[in-house]
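J.: The structure file final.txt (compact mmCIF, C-alpha atoms) is provided below.
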```txt
# COMPACT_ATOMS: atom_id res chain seq x y z
CA MET A 1486 132.61 -114.74 19.15
CA PRO A 1487 135.87 -116.28 20.12
CA THR A 1488 136.00 -119.88 20.76
CA THR A 1489 137.54 -121.08 23.93
CA SER A 1490 138.31 -124.44 25.27
CA PHE A 1491 137.19 -123.56 28.80
CA PRO A 1492 134.11 -125.26 30.13
CA ARG A 1493 131.02 -123.14 30.49
CA ASP A 1494 130.02 -121.85 33.94
CA ARG A 1495 127.38 -119.62 35.46
CA PHE A 1496 129.24 -116.37 34.63
CA ASP A 1497 128.93 -117.09 30.93
CA ASP A 1498 125.18 -116.55 31.15
CA VAL A 1499 124.83 -112.80 31.82
CA PRO A 1500 121.33 -111.37 31.98
CA GLU A 1501 120.51 -108.81 29.36
CA THR A 1502 120.50 -105.13 30.56
CA ASP A 1503 120.93 -101.79 28.94
CA ARG A 1504 123.94 -100.93 31.18
CA VAL A 1505 127.40 -100.83 29.73
CA GLY A 1506 130.68 -100.65 31.68
CA ALA A 1507 131.42 -100.46 35.39
CA HIS A 1508 128.95 -98.66 37.62
CA ARG A 1509 129.62 -97.01 40.92
CA ALA A 1510 127.52 -95.23 43.44
CA GLU A 1511 126.73 -91.66 42.65
CA ASN A 1512 129.12 -89.01 43.94
CA PRO A 1513 127.54 -87.08 46.78
CA ARG A 1514 127.07 -83.49 45.77
CA MET A 1515 129.63 -81.30 47.53
CA ARG A 1516 128.87 -77.69 47.56
CA GLY A 1517 131.64 -75.48 46.18
CA TRP A 1518 131.69 -73.16 49.17
CA VAL A 1519 132.52 -76.06 51.56
CA VAL A 1520 135.55 -76.99 49.48
CA LEU A 1521 136.59 -73.34 49.30
CA LEU A 1522 136.19 -72.96 53.08
CA TRP A 1523 138.38 -75.99 53.81
CA ALA A 1524 141.02 -74.80 51.33
CA ALA A 1525 141.08 -71.31 52.90
CA LEU A 1526 141.36 -72.79 56.41
CA ALA A 1527 144.24 -75.04 55.37
CA THR A 1528 146.02 -72.07 53.76
CA VAL A 1529 145.69 -69.94 56.88
CA VAL A 1530 146.97 -72.76 59.12
CA LEU A 1531 149.99 -73.36 56.85
CA ILE A 1532 150.84 -69.63 56.77
CA VAL A 1533 150.63 -69.34 60.58
CA ILE A 1534 152.84 -72.41 61.03
CA GLY A 1535 155.35 -70.98 58.54
CA ILE A 1536 155.54 -67.59 60.26
CA PHE A 1537 155.85 -69.18 63.72
CA GLY A 1538 158.56 -71.56 62.49
CA THR A 1539 160.51 -68.71 60.91
CA LEU A 1540 160.35 -66.58 64.07
CA LEU A 1541 161.38 -69.56 66.19
CA ALA A 1542 164.30 -70.45 63.91
CA SER A 1543 165.56 -66.86 63.78
CA GLY A 1544 165.48 -66.58 67.58
CA ARG A 1545 162.96 -63.74 67.74
CA ILE A 1546 160.69 -65.75 70.02
CA GLU A 1547 161.49 -68.42 72.58
CA LEU A 1548 159.24 -71.25 73.61
CA VAL A 1549 160.73 -71.41 77.10
CA PRO A 1550 162.27 -68.02 77.94
CA THR A 1551 165.15 -68.05 80.40
CA PRO A 1552 164.44 -65.99 83.49
CA THR A 1553 166.53 -62.86 83.73
CA PRO A 1554 168.45 -62.68 86.97
CA THR A 1555 167.59 -59.76 89.15
CA VAL A 1556 170.50 -57.60 90.10
CA ALA A 1557 170.78 -57.20 93.82
CA PRO A 1558 171.72 -53.69 94.83
CA VAL A 1559 175.34 -53.43 95.85
CA PRO A 1560 175.52 -52.28 99.44
CA GLU A 1561 177.13 -48.89 99.74
CA VAL A 1562 180.37 -48.98 101.69
CA THR A 1563 181.14 -46.04 103.94
CA PRO A 1564 184.87 -45.28 103.72
CA VAL A 1565 186.69 -45.45 107.05
CA VAL A 1566 190.28 -44.29 107.56
CA ASP A 1567 191.67 -47.00 109.87
CA LEU A 1568 195.29 -46.37 110.91
CA ASN A 1569 195.65 -49.91 112.38
CA TYR A 1570 196.25 -51.41 108.93
CA ASP A 1571 199.67 -51.95 107.44
CA VAL A 1572 199.87 -50.41 103.97
CA MET A 1573 202.03 -51.79 101.16
CA ILE A 1574 202.44 -49.54 98.12
CA LEU A 1575 203.64 -51.10 94.85
CA ASN A 1576 204.58 -49.09 91.77
CA ALA A 1577 203.39 -51.03 88.70
CA THR A 1578 204.40 -48.34 86.19
CA PRO A 1579 207.64 -47.54 84.36
CA GLU A 1580 207.80 -44.14 86.12
CA GLN A 1581 210.21 -44.18 89.08
CA GLY A 1582 209.45 -42.67 92.49
CA LEU A 1583 205.65 -42.93 92.47
CA ALA A 1584 205.59 -45.43 95.37
CA THR A 1585 207.64 -43.08 97.56
CA GLN A 1586 205.41 -40.12 96.68
CA MET A 1587 202.31 -42.18 97.52
CA LYS A 1588 203.94 -43.28 100.81
CA ASP A 1589 204.40 -39.62 101.77
CA VAL A 1590 200.69 -38.98 101.09
CA VAL A 1591 199.63 -41.95 103.25
CA VAL A 1592 202.00 -41.02 106.10
CA GLY A 1593 200.74 -37.44 105.86
CA ALA A 1594 197.18 -38.78 106.38
CA GLY A 1595 198.16 -40.21 109.78
CA TRP A 1596 199.71 -43.64 109.24
CA ALA A 1597 202.94 -44.34 111.11
CA ASP A 1598 206.03 -44.43 108.87
CA GLU A 1599 206.87 -48.01 109.90
CA LYS A 1600 203.35 -49.22 108.95
CA VAL A 1601 203.75 -48.06 105.34
CA THR A 1602 206.16 -49.74 102.91
CA ALA A 1603 206.86 -48.71 99.34
CA GLY A 1604 208.39 -50.76 96.55
CA GLU A 1605 208.28 -51.79 92.94
CA ALA A 1606 205.77 -54.29 91.55
CA GLY A 1607 206.64 -57.24 89.33
CA SER A 1608 205.16 -55.57 86.25
CA GLN A 1609 205.05 -52.09 84.80
CA ASP A 1610 201.78 -52.18 82.90
CA PHE A 1611 199.04 -52.22 85.54
CA PRO A 1612 196.21 -50.09 84.09
CA THR A 1613 194.32 -48.61 87.08
CA THR A 1614 195.44 -47.72 90.59
CA THR A 1615 193.72 -50.18 92.93
CA VAL A 1616 193.59 -50.80 96.67
CA PHE A 1617 193.48 -54.55 97.38
CA TYR A 1618 192.14 -56.11 100.57
CA VAL A 1619 191.88 -59.78 101.60
CA ASP A 1620 189.02 -60.02 104.10
CA PRO A 1621 185.53 -58.70 103.19
CA ALA A 1622 185.49 -56.93 106.56
CA ASP A 1623 188.39 -54.76 105.33
CA GLU A 1624 186.37 -53.19 102.49
CA ALA A 1625 185.51 -50.00 104.40
CA ALA A 1626 189.16 -49.47 105.35
CA ALA A 1627 190.22 -50.05 101.71
CA ALA A 1628 187.66 -47.46 100.57
CA GLY A 1629 189.00 -45.01 103.18
CA LEU A 1630 192.58 -45.53 101.96
CA ALA A 1631 191.41 -45.08 98.36
CA ASP A 1632 189.93 -41.71 99.34
CA VAL A 1633 193.17 -40.72 101.12
CA ILE A 1634 195.31 -41.34 98.02
CA GLY A 1635 193.02 -39.29 95.81
CA GLY A 1636 190.58 -41.90 94.58
CA ALA A 1637 191.28 -45.42 93.44
CA GLU A 1638 189.40 -48.61 92.75
CA ILE A 1639 189.06 -51.18 95.51
CA GLU A 1640 189.09 -54.93 95.00
CA GLN A 1641 189.05 -58.00 97.20
CA SER A 1642 191.83 -60.38 96.25
CA GLU A 1643 194.01 -63.10 97.77
CA ALA A 1644 196.92 -61.95 95.57
CA TYR A 1645 198.40 -59.71 98.27
CA PRO A 1646 198.19 -61.48 101.65
CA ALA A 1647 199.31 -59.74 104.85
CA THR A 1648 203.01 -60.08 105.71
CA SER A 1649 202.10 -60.52 109.39
CA PRO A 1650 199.14 -62.75 110.33
CA ASP A 1651 198.32 -60.54 113.34
CA VAL A 1652 198.06 -57.21 111.49
CA PRO A 1653 195.69 -56.70 108.55
CA GLN A 1654 197.17 -55.21 105.41
CA LEU A 1655 195.96 -53.10 102.53
CA THR A 1656 197.93 -53.08 99.29
CA VAL A 1657 197.97 -50.16 96.87
CA VAL A 1658 199.09 -50.99 93.34
CA ILE A 1659 199.83 -47.81 91.41
CA GLY A 1660 198.62 -48.06 87.84
CA LEU A 1661 199.33 -46.26 84.59
CA ASP A 1662 196.45 -43.87 85.30
CA ARG A 1663 198.76 -42.10 87.82
CA THR A 1664 201.58 -41.53 85.31
CA ALA A 1665 201.96 -38.52 83.05
CA ALA A 1666 201.42 -40.75 79.99
CA GLY A 1667 198.31 -42.42 81.43
CA GLN A 1668 196.46 -39.33 82.65
CA THR A 1669 193.91 -37.85 80.33
CA PRO A 1670 194.33 -34.12 79.82
CA ALA A 1671 191.78 -31.82 81.40
CA PRO A 1672 189.24 -30.48 78.90
CA THR A 1673 189.87 -26.89 77.86
CA PRO A 1674 187.01 -24.47 78.45
```
What would the structure in this file look like if it were written as structure tokens?
T.:
Amino acid sequence: MPTTSFPRDRFDDVPETDRVGAHRAENPRMRGWVVLLWAALATVVLIVIGIFGTLLASGRIELVPTPTPTVAPVPEVTPVVDLNYDVMILNATPEQGLATQMKDVVVGAGWADEKVTAGEAGSQDFPTTTVFYVDPADEAAAAGLADVIGGAEIEQSEAYPATSPDVPQLTVVIGLDRTAAGQTPAPTP
């Protein structure tokens, strides 16, 4: 036995027992199926979280979907040929004489010659023949003029205001679809 210079105390007198080493309380018996059940449950939860996270990250599902706007039906406009409108015809193509030819068509439909003016536009690459009107109340008259000239798009725009504040005006811009180069050939039977 080693000799020490420490004074003796009560811990030096240990009662004699047959136990050796540290002793702890007995481990409660866990059944194997309980451990297996908890492991299976944890696995399923982790797989579900992984799949949900992947779908969320890839954008296939949304937590808060944005409402889709409902499209209101566009009211059908009944074309009206109103001869009280001034008509300005602008040729926006490189082909010369189209504005004068269109003026003859409009005058032939009943407009007075002095109410229809023809001229050249500032550009020569306008794609589609369009009838422009300023006031929403003029839409039916613009549709009527579009029918008179053989079909054209109509569009409300402030780009072509009336030259006289007392008389409403419709403006026809002739596009490349009315030129020989812009027209698509008729299908052969």
J.: Would you mind reading off the distance between CA of Val1572 (chain A) and CA of Ala1665 (chain A), one decimal, in Å?
T.: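 A separation of 24.2 Å between them.
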J.: Around the point (188.9, -52.1, 87.6), in the coordinates given by the file, pick out the residues reaching within 10 Å, counting only C-alpha atoms, and return them as a ChimeraX atom specification.
T.: /A:1612-1615,1637-1640
J.: At what distance in Å, to one decimal, does CA of Val1559 (chain A) lie from CA of Pro1650 (chain A)?
T.: 29.4 Å
J.: Which distance in Å separates CA of Ala1625 (chain A) and CA of Thr1656 (chain A), to one decimal?
T.: 13.8 Å
J.: Please provide the set of residues having any atom within 7 Å of region 1584-1592 of chain A, restricted to all atoms listed in the file, with same-chain residues fewer than 4 positions apart removed, written as a PyMOL selection string.
T.: chain A and resi 1574-1576+1596-1598+1601+1603-1604+1633-1634
J.: Please list as a PyMOL selection string every residue within 10 Å of Glu1580 (chain A), counting only C-alpha atoms and excluding residues in the same chain fewer than 5 positions away.
T.: chain A and resi 1609+1661+1663-1666
J.: For a quick check of understanding, using only C-alpha atoms, which of A:Ile1546, A:Leu1521, A:Val1652, A:Leu1583 has the smallest distance to Leu1568 (chain A)?
T.: A:Val1652
J.: Can you put N, CA, C and O atoms back into region 1569-1582 of chain A and show it as a compact mmCIF listing (two decimals), keeping the file's coordinate frame?
T.:
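What ended up in selection-v8.txt:
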```txt
# COMPACT_ATOMS: atom_id res chain seq x y z
N ASN A 1569 195.12 -48.65 111.84
CA ASN A 1569 195.65 -49.91 112.38
C ASN A 1569 196.15 -50.84 111.29
O ASN A 1569 196.80 -51.84 111.58
N TYR A 1570 195.84 -50.56 110.05
CA TYR A 1570 196.25 -51.41 108.93
C TYR A 1570 197.67 -51.09 108.50
O TYR A 1570 198.08 -49.93 108.49
N ASP A 1571 198.41 -52.15 108.14
CA ASP A 1571 199.67 -51.95 107.44
C ASP A 1571 199.32 -51.63 105.98
O ASP A 1571 198.35 -52.17 105.45
N VAL A 1572 200.12 -50.79 105.37
CA VAL A 1572 199.87 -50.41 103.97
C VAL A 1572 201.12 -50.72 103.16
O VAL A 1572 202.21 -50.28 103.49
N MET A 1573 200.93 -51.50 102.09
CA MET A 1573 202.03 -51.79 101.16
C MET A 1573 201.69 -51.09 99.86
O MET A 1573 200.59 -51.23 99.32
N ILE A 1574 202.65 -50.29 99.35
CA ILE A 1574 202.44 -49.54 98.12
C ILE A 1574 203.39 -50.09 97.07
O ILE A 1574 204.61 -50.13 97.29
N LEU A 1575 202.84 -50.53 95.93
CA LEU A 1575 203.64 -51.10 94.85
C LEU A 1575 203.46 -50.26 93.60
O LEU A 1575 202.34 -49.97 93.18
N ASN A 1576 204.59 -49.88 93.00
CA ASN A 1576 204.58 -49.09 91.77
C ASN A 1576 204.59 -50.06 90.59
O ASN A 1576 205.58 -50.73 90.33
N ALA A 1577 203.50 -50.14 89.86
CA ALA A 1577 203.39 -51.03 88.70
C ALA A 1577 203.40 -50.23 87.41
O ALA A 1577 202.65 -50.50 86.48
N THR A 1578 204.25 -49.19 87.38
CA THR A 1578 204.40 -48.34 86.19
C THR A 1578 205.88 -48.20 85.88
O THR A 1578 206.73 -48.45 86.74
N PRO A 1579 206.23 -47.76 84.68
CA PRO A 1579 207.64 -47.54 84.36
C PRO A 1579 208.20 -46.25 84.99
O PRO A 1579 209.41 -46.04 85.01
N GLU A 1580 207.36 -45.40 85.53
CA GLU A 1580 207.80 -44.14 86.12
C GLU A 1580 208.35 -44.39 87.53
O GLU A 1580 207.67 -44.97 88.37
N GLN A 1581 209.56 -43.95 87.79
CA GLN A 1581 210.21 -44.18 89.08
C GLN A 1581 209.75 -43.16 90.12
O GLN A 1581 209.43 -42.04 89.80
N GLY A 1582 209.72 -43.58 91.39
CA GLY A 1582 209.45 -42.67 92.49
C GLY A 1582 208.00 -42.50 92.87
O GLY A 1582 207.68 -41.81 93.84
```
